file data_8.cif (mmCIF, C-alpha atoms)
data_input
loop_
_atom_site.group_PDB
_atom_site.id
_atom_site.type_symbol
_atom_site.label_atom_id
_atom_site.label_comp_id
_atom_site.auth_asym_id
_atom_site.auth_seq_id
_atom_site.Cartn_x
_atom_site.Cartn_y
_atom_site.Cartn_z
ATOM 1 C CA MET M 211 48.001 -5.411 -48.982
ATOM 2 C CA THR M 212 44.273 -6.069 -49.458
ATOM 3 C CA PHE M 213 44.284 -7.908 -46.135
ATOM 4 C CA LEU M 214 45.657 -4.821 -44.399
ATOM 5 C CA SER M 215 43.047 -2.527 -45.986
ATOM 6 C CA GLU M 216 40.225 -4.979 -45.080
ATOM 7 C CA TRP M 217 41.539 -5.105 -41.523
ATOM 8 C CA VAL M 218 41.596 -1.309 -41.147
ATOM 9 C CA GLU M 219 38.182 -1.059 -42.833
ATOM 10 C CA SER M 220 36.614 -3.580 -40.394
ATOM 11 C CA ILE M 221 38.030 -1.642 -37.413
ATOM 12 C CA ALA M 222 36.716 1.667 -38.781
ATOM 13 C CA CYS M 223 33.254 0.208 -39.493
ATOM 14 C CA TYR M 224 33.132 -1.279 -36.031
ATOM 15 C CA LEU M 225 34.038 2.020 -34.371
ATOM 16 C CA ILE M 226 31.360 3.857 -36.385
ATOM 17 C CA PHE M 227 28.802 1.199 -35.458
ATOM 18 C CA LEU M 228 29.742 1.341 -31.760
ATOM 19 C CA THR M 229 29.522 5.150 -31.747
ATOM 20 C CA ALA M 230 26.068 5.014 -33.370
ATOM 21 C CA ILE M 231 24.840 2.485 -30.805
ATOM 22 C CA LEU M 232 26.198 4.555 -27.910
ATOM 23 C CA SER M 233 24.484 7.690 -29.197
ATOM 24 C CA LEU M 234 21.145 5.847 -29.526
ATOM 25 C CA LEU M 235 21.125 4.642 -25.909
ATOM 26 C CA PRO M 236 18.180 6.204 -24.078
ATOM 27 C CA SER M 237 19.872 5.902 -20.703
ATOM 28 C CA LYS M 238 23.534 6.331 -19.887
ATOM 29 C CA LYS M 239 23.446 3.667 -17.167
ATOM 30 C CA TYR M 240 24.191 0.896 -19.702
ATOM 31 C CA GLU M 241 26.925 2.848 -21.451
ATOM 32 C CA ILE M 242 29.692 1.475 -19.207
ATOM 33 C CA TYR M 243 28.697 -2.131 -20.018
ATOM 34 C CA LEU M 244 28.427 -1.442 -23.733
ATOM 35 C CA ARG M 245 31.838 0.280 -23.744
ATOM 36 C CA PHE M 246 33.380 -2.673 -21.899
ATOM 37 C CA PHE M 247 31.898 -5.214 -24.329
ATOM 38 C CA GLY M 248 32.767 -2.979 -27.277
ATOM 39 C CA GLY M 249 36.353 -2.690 -26.041
ATOM 40 C CA ILE M 250 36.730 -6.459 -25.878
ATOM 41 C CA LEU M 251 35.381 -6.788 -29.428
ATOM 42 C CA LEU M 252 37.702 -4.004 -30.600
ATOM 43 C CA MET M 253 40.706 -5.841 -29.113
ATOM 44 C CA LEU M 254 39.662 -9.011 -30.953
ATOM 45 C CA LEU M 255 39.399 -7.036 -34.201
ATOM 46 C CA VAL M 256 42.787 -5.380 -33.660
ATOM 47 C CA PHE M 257 44.574 -8.628 -32.781
ATOM 48 C CA ARG M 258 42.785 -10.665 -35.449
ATOM 49 C CA PRO M 259 45.778 -10.847 -37.805
ATOM 50 C CA PHE M 260 47.977 -12.107 -34.973
ATOM 51 C CA LEU M 261 45.375 -14.630 -33.716
ATOM 52 C CA GLY M 262 44.938 -16.085 -37.197
ATOM 53 C CA GLY M 263 48.059 -18.190 -36.681
ATOM 54 C CA PHE M 264 46.395 -19.956 -33.755
ATOM 55 C CA HIS M 265 43.368 -20.916 -35.861
ATOM 56 C CA LEU M 266 41.125 -19.546 -33.113
ATOM 57 C CA GLU M 267 38.084 -19.189 -35.387
ATOM 58 C CA GLU M 268 38.337 -22.804 -36.505
ATOM 59 C CA GLU M 269 38.733 -23.996 -32.913
ATOM 60 C CA LEU M 270 35.737 -21.962 -31.756
ATOM 61 C CA SER M 271 33.703 -23.276 -34.675
ATOM 62 C CA ARG M 272 34.687 -26.850 -33.842
ATOM 63 C CA LEU M 273 33.798 -26.376 -30.165
ATOM 64 C CA TYR M 274 30.437 -24.869 -31.090
ATOM 65 C CA GLN M 275 29.650 -27.754 -33.438
ATOM 66 C CA GLU M 276 30.688 -30.269 -30.779
ATOM 67 C CA PHE M 277 28.485 -28.570 -28.195
ATOM 68 C CA SER M 278 25.557 -28.443 -30.628
ATOM 69 C CA PHE M 279 26.008 -32.107 -31.458
ATOM 70 C CA GLN M 280 26.059 -33.067 -27.772
ATOM 71 C CA GLN M 281 22.928 -31.022 -27.116
ATOM 72 C CA ASP M 282 21.135 -32.577 -30.088
ATOM 73 C CA SER M 283 22.139 -36.071 -29.014
ATOM 74 C CA ARG M 284 20.826 -35.434 -25.460
ATOM 75 C CA GLU M 285 17.508 -34.234 -26.851
ATOM 76 C CA LEU M 286 17.306 -37.263 -29.127
ATOM 77 C CA GLU M 287 18.085 -39.611 -26.230
ATOM 78 C CA GLN M 288 15.291 -38.021 -24.193
ATOM 79 C CA LYS M 289 12.848 -38.423 -27.073
ATOM 80 C CA ILE M 290 13.877 -42.048 -27.566
ATOM 81 C CA ALA M 291 13.467 -42.729 -23.845
ATOM 82 C CA GLY M 292 9.980 -41.211 -23.979
ATOM 83 C CA VAL M 293 9.052 -43.314 -27.007
ATOM 84 C CA GLU M 294 10.398 -46.454 -25.343
ATOM 85 C CA GLU M 295 8.390 -45.750 -22.198
ATOM 86 C CA THR M 296 5.226 -45.150 -24.229
ATOM 87 C CA GLN M 297 5.861 -48.300 -26.222
ATOM 88 C CA ARG M 298 6.425 -50.304 -23.029
ATOM 89 C CA GLU M 299 3.186 -48.974 -21.537
ATOM 90 C CA LEU M 300 1.192 -49.833 -24.680
ATOM 91 C CA LEU M 301 2.702 -53.314 -24.725
ATOM 92 C CA ARG M 302 1.809 -53.798 -21.053
ATOM 93 C CA GLN M 303 -1.801 -52.700 -21.701
ATOM 94 C CA GLN M 304 -2.153 -55.051 -24.669
ATOM 95 C CA TYR M 305 -0.664 -57.900 -22.659
ATOM 96 C CA GLU M 306 -3.085 -57.259 -19.778
ATOM 97 C CA LYS M 307 -5.986 -57.219 -22.235
ATOM 98 C CA ALA M 308 -4.872 -60.541 -23.746
ATOM 99 C CA ILE M 309 -4.529 -62.073 -20.267
ATOM 100 C CA GLY M 310 -8.039 -60.849 -19.411
ATOM 101 C CA GLU M 311 -9.429 -62.453 -22.555
ATOM 102 C CA ASP M 312 -7.629 -65.743 -21.825
ATOM 103 C CA ILE M 313 -8.842 -65.836 -18.230
ATOM 104 C CA GLY M 314 -12.351 -64.924 -19.372
ATOM 105 C CA GLN M 315 -12.359 -67.910 -21.741
ATOM 106 C CA MET M 316 -10.996 -70.195 -19.018
ATOM 107 C CA ALA M 317 -13.682 -68.954 -16.608
ATOM 108 C CA GLU M 318 -16.456 -69.680 -19.113
ATOM 109 C CA MET M 319 -15.391 -73.343 -19.166
ATOM 110 C CA TYR M 320 -16.312 -73.516 -15.451
ATOM 111 C CA ALA M 321 -19.573 -71.529 -15.685
ATOM 112 C CA LEU M 322 -17.885 -68.414 -14.334
ATOM 113 C CA GLU M 323 -18.007 -64.900 -15.725
ATOM 114 C CA LEU M 324 -15.130 -62.459 -15.252
ATOM 115 C CA LYS M 325 -16.298 -59.318 -13.476
ATOM 116 C CA GLU M 326 -13.004 -57.635 -12.612
ATOM 117 C CA MET M 327 -9.307 -58.412 -12.903
ATOM 118 C CA GLU M 328 -6.318 -56.747 -11.284
ATOM 119 C CA LEU M 329 -2.812 -57.911 -12.015
ATOM 120 C CA ARG M 330 0.750 -56.855 -11.420
ATOM 121 C CA LEU M 331 3.257 -57.592 -14.142
ATOM 122 C CA GLY M 332 7.000 -57.773 -13.759
ATOM 123 C CA MET M 333 8.590 -55.049 -15.857
ATOM 124 C CA GLU M 334 12.314 -55.569 -15.237
ATOM 125 C CA GLY M 335 14.893 -58.233 -16.095
ATOM 126 C CA GLU M 336 13.872 -61.852 -15.595
ATOM 127 C CA THR M 337 10.365 -60.966 -14.383
ATOM 128 C CA LEU M 338 9.563 -58.984 -17.550
ATOM 129 C CA GLY M 339 6.080 -60.012 -18.687
ATOM 130 C CA LYS M 340 5.579 -62.479 -15.829
ATOM 131 C CA ILE M 341 2.420 -62.123 -13.763
ATOM 132 C CA GLU M 342 3.529 -61.471 -10.204
ATOM 133 C CA ARG M 343 0.084 -61.105 -8.629
ATOM 134 C CA LEU M 344 -3.452 -61.737 -9.878
ATOM 135 C CA HIS M 345 -6.798 -60.863 -8.284
ATOM 136 C CA LEU M 346 -10.056 -61.956 -9.928
ATOM 137 C CA GLN M 347 -13.682 -61.246 -9.133
ATOM 138 C CA LEU M 348 -16.053 -63.638 -10.849
ATOM 139 C CA TYR M 349 -19.769 -64.454 -11.008
ATOM 140 C CA TYR M 350 -20.957 -68.044 -10.908
ATOM 141 C CA VAL M 351 -23.533 -68.429 -13.681
ATOM 142 C CA GLY M 352 -24.164 -72.174 -13.359
ATOM 143 C CA GLU M 353 -27.679 -73.568 -13.433
ATOM 144 C CA GLU M 354 -27.822 -75.125 -9.965
ATOM 145 C CA GLU M 355 -31.280 -74.834 -8.436
ATOM 146 C CA GLU M 356 -30.458 -75.320 -4.771
ATOM 147 C CA LYS M 357 -28.384 -72.749 -2.939
ATOM 148 C CA GLU M 358 -26.112 -75.336 -1.233
ATOM 149 C CA THR M 359 -25.428 -77.134 -4.489
ATOM 150 C CA ALA M 360 -24.746 -73.818 -6.229
ATOM 151 C CA GLY M 361 -22.291 -72.830 -3.472
ATOM 152 C CA LEU M 362 -20.390 -76.137 -3.769
ATOM 153 C CA ALA M 363 -20.365 -75.931 -7.567
ATOM 154 C CA ALA M 364 -19.077 -72.359 -7.420
ATOM 155 C CA GLN M 365 -16.321 -73.378 -4.973
ATOM 156 C CA ARG M 366 -15.266 -76.305 -7.206
ATOM 157 C CA ALA M 367 -15.271 -74.058 -10.287
ATOM 158 C CA LYS M 368 -13.187 -71.489 -8.416
ATOM 159 C CA ASN M 369 -10.601 -74.094 -7.349
ATOM 160 C CA ARG M 370 -10.362 -75.619 -10.826
ATOM 161 C CA LEU M 371 -9.965 -72.210 -12.460
ATOM 162 C CA LYS M 372 -7.310 -71.182 -9.967
ATOM 163 C CA GLU M 373 -5.423 -74.428 -10.589
ATOM 164 C CA GLN M 374 -5.615 -73.969 -14.360
ATOM 165 C CA ILE M 375 -4.423 -70.346 -14.128
ATOM 166 C CA CYS M 376 -1.477 -71.328 -11.917
ATOM 167 C CA GLN M 377 -0.503 -74.077 -14.336
ATOM 168 C CA TYR M 378 -1.013 -71.994 -17.498
ATOM 169 C CA TYR M 379 0.914 -68.929 -16.289
ATOM 170 C CA GLY M 380 3.434 -70.744 -14.065
ATOM 171 C CA MET M 381 2.289 -68.963 -10.925
ATOM 172 C CA GLU M 382 2.173 -69.944 -7.270
ATOM 173 C CA ALA M 383 -1.298 -70.478 -5.788
ATOM 174 C CA ALA M 384 -0.545 -67.827 -3.138
ATOM 175 C CA ASP M 385 -0.159 -65.209 -5.907
ATOM 176 C CA VAL M 386 -3.624 -65.895 -7.352
ATOM 177 C CA GLU M 387 -6.650 -64.597 -5.471
ATOM 178 C CA VAL M 388 -10.072 -65.590 -6.784
ATOM 179 C CA GLN M 389 -13.385 -64.379 -5.389
ATOM 180 C CA VAL M 390 -16.635 -65.822 -6.686
ATOM 181 C CA GLU M 391 -20.074 -64.318 -6.201
ATOM 182 C CA GLU M 392 -23.083 -66.439 -6.889
ATOM 183 C CA GLY M 393 -25.324 -64.847 -9.456
#
call {"tool": "encode", "arguments": {"input": "data_8.cif", "output": "structure tokens"}}
result
Amino acid sequence: MTFLSEWVESIACYLIFLTAILSLLPSKKYEIYLRFFGGILLMLLVFRPFLGGFHLEEELSRLYQEFSFQQDSRELEQKIAGVEETQRELLRQQYEKAIGEDIGQMAEMYALELKEMELRLGMEGETLGKIERLHLQLYYVGEEEEKETAGLAAQRAKNRLKEQICQYYGMEAADVEVQVEEG
């Protein structure tokens, strides 16, 4: 019997609440919408004892939790994707820096100084981390007194460096472009 009295009490409280809300409306243009929504809620309250056998509240709760979980998992996936992209970019930058240092050391062995380096790295599948294209601008800092001798020495140094880079990184000579300026 307590269930029946609680049921009647919830309907009465709802009707009082709805009446109070309707009387507080500043404009009557929204009254029709509020009455429609209030009527739907009243029907749910009235039929609540009969809908209890269908476990509607539990089903709605389960659907809400499922939806919330899916939304949270999408947000988490997006955050993870962003972190992975940031991590990949940082790794690429560090790798480029290490390559620049290696090439700078190789260049010093041939009396060359690295001025500028541009490279294109493979970022997918089998080409991940492989240098696809390399462009170097170098200064020749050798101690040749004559201009002709300095030009030949710079050309030899350029060719040797290019050969060493191709061998060290497993690249084709066509993918390595080296320009040397005489300093």
call {"tool": "axis_aligned_box", "arguments": {"input": "data_8.cif", "around": "stretch 289-292 of chain M", "padding_each_side": "4 Å", "output": "JSON"}}
result
{"center_x": 11.9, "center_y": -40.6, "center_z": -25.7, "size_x": 11.9, "size_y": 12.3, "size_z": 11.7}
call {"tool": "resolve_selection", "arguments": {"input": "data_8.cif", "expression": "the PyMOL selection byres ((chain M and resi 361-364) around 12)", "output": "NGL selection string"}}
result
:M and (317 or 320-323 or 348-360 or 365-371 or 388-393)
call {"tool": "residues_around", "arguments": {"input": "data_8.cif", "residues": "M:Val256", "least_positions_apart": "3", "cutoff": "10 Å", "atoms": "all atoms listed in the file", "output": "short mmCIF file (atom, residue, chain, number, x, y, z; two decimals) with C-alpha atoms, keeping the file's coordinate frame"}}
result
data_model
loop_
_atom_site.label_atom_id
_atom_site.label_comp_id
_atom_site.auth_asym_id
_atom_site.auth_seq_id
_atom_site.Cartn_x
_atom_site.Cartn_y
_atom_site.Cartn_z
CA TRP M 217 41.54 -5.11 -41.52
CA VAL M 218 41.60 -1.31 -41.15
CA SER M 220 36.61 -3.58 -40.39
CA ILE M 221 38.03 -1.64 -37.41
CA ILE M 250 36.73 -6.46 -25.88
CA LEU M 251 35.38 -6.79 -29.43
CA LEU M 252 37.70 -4.00 -30.60
CA MET M 253 40.71 -5.84 -29.11
CA PRO M 259 45.78 -10.85 -37.80
CA PHE M 260 47.98 -12.11 -34.97
CA LEU M 261 45.38 -14.63 -33.72
#
call {"tool": "residues_around", "arguments": {"input": "data_8.cif", "residues": "M:Leu225", "least_positions_apart": "6", "cutoff": "10 Å", "atoms": "all atoms listed in the file", "output": "PDB file with C-alpha atoms, in the coordinates of the input"}}
result
ATOM      1  CA  GLU M 219      38.182  -1.059 -42.833  1.00  0.00           C
ATOM      2  CA  ILE M 231      24.840   2.485 -30.805  1.00  0.00           C
ATOM      3  CA  GLY M 248      32.767  -2.979 -27.277  1.00  0.00           C
ATOM      4  CA  GLY M 249      36.353  -2.690 -26.041  1.00  0.00           C
ATOM      5  CA  LEU M 252      37.702  -4.004 -30.600  1.00  0.00           C
TER       6      LEU M 252
END
call {"tool": "atom_distance", "arguments": {"input": "data_8.cif", "atom1": "atom CA of M:Leu338", "atom2": "atom CA of M:Leu324"}}
result
25.0 Å
call {"tool": "resolve_selection", "arguments": {"input": "data_8.cif", "expression": "the PyMOL selection byres ((chain M and resi 314) around 10)", "output": "list in words"}}
result
Ala308, Ile309, Gly310, Glu311, Asp312, Ile313, Gln315, Met316, Ala317, Glu318, Met319, Leu322, Glu323, Leu324, Lys325, Glu326, Met327 and Leu348 of chain M
call {"tool": "atom_distance", "arguments": {"input": "data_8.cif", "atom1": "atom CA of M:Val293", "atom2": "atom CA of M:Tyr379"}}
result
28.9 Å
call {"tool": "residues_near_point", "arguments": {"input": "data_8.cif", "point": "(4.5, -63.2, -17.8)", "cutoff": "9 Å", "atoms": "all atoms listed in the file", "output": "list in words"}}
result
Tyr305, Leu331, Gly332, Thr337, Leu338, Gly339, Lys340, Ile341, Glu342, Tyr379 and Gly380 of chain M
call {"tool": "atom_distance", "arguments": {"input": "data_8.cif", "atom1": "atom CA of M:Glu268", "atom2": "atom CA of M:Leu254"}}
result
14.9 Å
call {"tool": "decode", "arguments": {"input": "data_8.cif", "residues": "stretch 302-331 of chain M", "atoms": "N, CA, C and O atoms", "output": "mmCIF file, in the first residue's frame"}}
result
data_model
loop_
_atom_site.group_PDB
_atom_site.id
_atom_site.type_symbol
_atom_site.label_atom_id
_atom_site.label_comp_id
_atom_site.auth_asym_id
_atom_site.auth_seq_id
_atom_site.Cartn_x
_atom_site.Cartn_y
_atom_site.Cartn_z
ATOM 1 N N ARG M 302 60.821 12.671 -35.044
ATOM 2 C CA ARG M 302 61.342 13.077 -36.348
ATOM 3 C C ARG M 302 62.343 14.217 -36.192
ATOM 4 O O ARG M 302 63.414 14.212 -36.798
ATOM 5 N N GLN M 303 62.033 15.204 -35.335
ATOM 6 C CA GLN M 303 62.931 16.337 -35.121
ATOM 7 C C GLN M 303 64.254 15.887 -34.509
ATOM 8 O O GLN M 303 65.328 16.340 -34.920
ATOM 9 N N GLN M 304 64.184 14.988 -33.532
ATOM 10 C CA GLN M 304 65.407 14.485 -32.906
ATOM 11 C C GLN M 304 66.241 13.687 -33.902
ATOM 12 O O GLN M 304 67.469 13.774 -33.906
ATOM 13 N N TYR M 305 65.572 12.920 -34.735
ATOM 14 C CA TYR M 305 66.268 12.127 -35.747
ATOM 15 C C TYR M 305 66.952 13.041 -36.761
ATOM 16 O O TYR M 305 68.102 12.816 -37.133
ATOM 17 N N GLU M 306 66.262 14.092 -37.195
ATOM 18 C CA GLU M 306 66.864 15.054 -38.123
ATOM 19 C C GLU M 306 68.074 15.730 -37.495
ATOM 20 O O GLU M 306 69.084 15.945 -38.159
ATOM 21 N N LYS M 307 67.969 16.067 -36.218
ATOM 22 C CA LYS M 307 69.090 16.703 -35.519
ATOM 23 C C LYS M 307 70.288 15.757 -35.468
ATOM 24 O O LYS M 307 71.428 16.160 -35.715
ATOM 25 N N ALA M 308 70.031 14.489 -35.152
ATOM 26 C CA ALA M 308 71.120 13.500 -35.092
ATOM 27 C C ALA M 308 71.761 13.312 -36.466
ATOM 28 O O ALA M 308 72.997 13.203 -36.575
ATOM 29 N N ILE M 309 70.955 13.289 -37.521
ATOM 30 C CA ILE M 309 71.485 13.160 -38.875
ATOM 31 C C ILE M 309 72.354 14.368 -39.200
ATOM 32 O O ILE M 309 73.444 14.238 -39.768
ATOM 33 N N GLY M 310 71.892 15.560 -38.836
ATOM 34 C CA GLY M 310 72.670 16.780 -39.062
ATOM 35 C C GLY M 310 74.010 16.735 -38.357
ATOM 36 O O GLY M 310 75.043 17.130 -38.929
ATOM 37 N N GLU M 311 74.012 16.240 -37.122
ATOM 38 C CA GLU M 311 75.276 16.126 -36.384
ATOM 39 C C GLU M 311 76.210 15.114 -37.047
ATOM 40 O O GLU M 311 77.415 15.370 -37.179
ATOM 41 N N ASP M 312 75.662 13.978 -37.474
ATOM 42 C CA ASP M 312 76.478 12.958 -38.149
ATOM 43 C C ASP M 312 77.074 13.504 -39.438
ATOM 44 O O ASP M 312 78.272 13.327 -39.714
ATOM 45 N N ILE M 313 76.254 14.153 -40.235
ATOM 46 C CA ILE M 313 76.738 14.694 -41.513
ATOM 47 C C ILE M 313 77.746 15.806 -41.264
ATOM 48 O O ILE M 313 78.740 15.929 -41.983
ATOM 49 N N GLY M 314 77.517 16.607 -40.229
ATOM 50 C CA GLY M 314 78.483 17.647 -39.874
ATOM 51 C C GLY M 314 79.844 17.058 -39.530
ATOM 52 O O GLY M 314 80.890 17.580 -39.951
ATOM 53 N N GLN M 315 79.860 15.965 -38.780
ATOM 54 C CA GLN M 315 81.118 15.296 -38.438
ATOM 55 C C GLN M 315 81.786 14.704 -39.671
ATOM 56 O O GLN M 315 83.003 14.781 -39.835
ATOM 57 N N MET M 316 80.964 14.095 -40.550
ATOM 58 C CA MET M 316 81.519 13.544 -41.794
ATOM 59 C C MET M 316 82.122 14.664 -42.637
ATOM 60 O O MET M 316 83.197 14.506 -43.218
ATOM 61 N N ALA M 317 81.442 15.799 -42.722
ATOM 62 C CA ALA M 317 81.912 16.918 -43.530
ATOM 63 C C ALA M 317 83.236 17.454 -43.004
ATOM 64 O O ALA M 317 84.130 17.812 -43.791
ATOM 65 N N GLU M 318 83.389 17.509 -41.694
ATOM 66 C CA GLU M 318 84.639 18.001 -41.104
ATOM 67 C C GLU M 318 85.837 17.158 -41.524
ATOM 68 O O GLU M 318 86.949 17.669 -41.662
ATOM 69 N N MET M 319 85.620 15.870 -41.738
ATOM 70 C CA MET M 319 86.718 14.983 -42.163
ATOM 71 C C MET M 319 87.248 15.386 -43.539
ATOM 72 O O MET M 319 88.391 15.084 -43.872
ATOM 73 N N TYR M 320 86.437 16.081 -44.343
ATOM 74 C CA TYR M 320 86.832 16.478 -45.689
ATOM 75 C C TYR M 320 87.023 17.996 -45.798
ATOM 76 O O TYR M 320 86.945 18.556 -46.881
ATOM 77 N N ALA M 321 87.251 18.656 -44.698
ATOM 78 C CA ALA M 321 87.463 20.102 -44.640
ATOM 79 C C ALA M 321 86.243 20.863 -45.165
ATOM 80 O O ALA M 321 86.366 21.864 -45.853
ATOM 81 N N LEU M 322 85.077 20.357 -44.826
ATOM 82 C CA LEU M 322 83.823 21.002 -45.205
ATOM 83 C C LEU M 322 83.061 21.360 -43.937
ATOM 84 O O LEU M 322 83.175 20.676 -42.922
ATOM 85 N N GLU M 323 82.299 22.433 -44.031
ATOM 86 C CA GLU M 323 81.488 22.863 -42.884
ATOM 87 C C GLU M 323 80.030 22.919 -43.329
ATOM 88 O O GLU M 323 79.708 23.526 -44.350
ATOM 89 N N LEU M 324 79.158 22.289 -42.563
ATOM 90 C CA LEU M 324 77.737 22.237 -42.897
ATOM 91 C C LEU M 324 77.099 23.598 -42.650
ATOM 92 O O LEU M 324 77.143 24.126 -41.553
ATOM 93 N N LYS M 325 76.517 24.152 -43.724
ATOM 94 C CA LYS M 325 75.834 25.438 -43.624
ATOM 95 C C LYS M 325 74.339 25.215 -43.450
ATOM 96 O O LYS M 325 73.711 25.786 -42.573
ATOM 97 N N GLU M 326 73.768 24.367 -44.290
ATOM 98 C CA GLU M 326 72.322 24.135 -44.257
ATOM 99 C C GLU M 326 72.038 22.722 -44.722
ATOM 100 O O GLU M 326 72.724 22.187 -45.586
ATOM 101 N N MET M 327 70.984 22.134 -44.136
ATOM 102 C CA MET M 327 70.590 20.775 -44.503
ATOM 103 C C MET M 327 69.074 20.709 -44.593
ATOM 104 O O MET M 327 68.377 21.175 -43.711
ATOM 105 N N GLU M 328 68.591 20.145 -45.677
ATOM 106 C CA GLU M 328 67.163 19.877 -45.838
ATOM 107 C C GLU M 328 67.034 18.397 -46.145
ATOM 108 O O GLU M 328 67.774 17.865 -46.978
ATOM 109 N N LEU M 329 66.107 17.741 -45.472
ATOM 110 C CA LEU M 329 65.915 16.324 -45.756
ATOM 111 C C LEU M 329 64.448 15.971 -45.681
ATOM 112 O O LEU M 329 63.654 16.657 -45.062
ATOM 113 N N ARG M 330 64.114 14.898 -46.355
ATOM 114 C CA ARG M 330 62.746 14.377 -46.328
ATOM 115 C C ARG M 330 62.837 12.945 -45.832
ATOM 116 O O ARG M 330 63.517 12.117 -46.429
ATOM 117 N N LEU M 331 62.147 12.696 -44.742
ATOM 118 C CA LEU M 331 62.140 11.364 -44.138
ATOM 119 C C LEU M 331 60.872 10.625 -44.510
ATOM 120 O O LEU M 331 59.807 11.225 -44.590
#
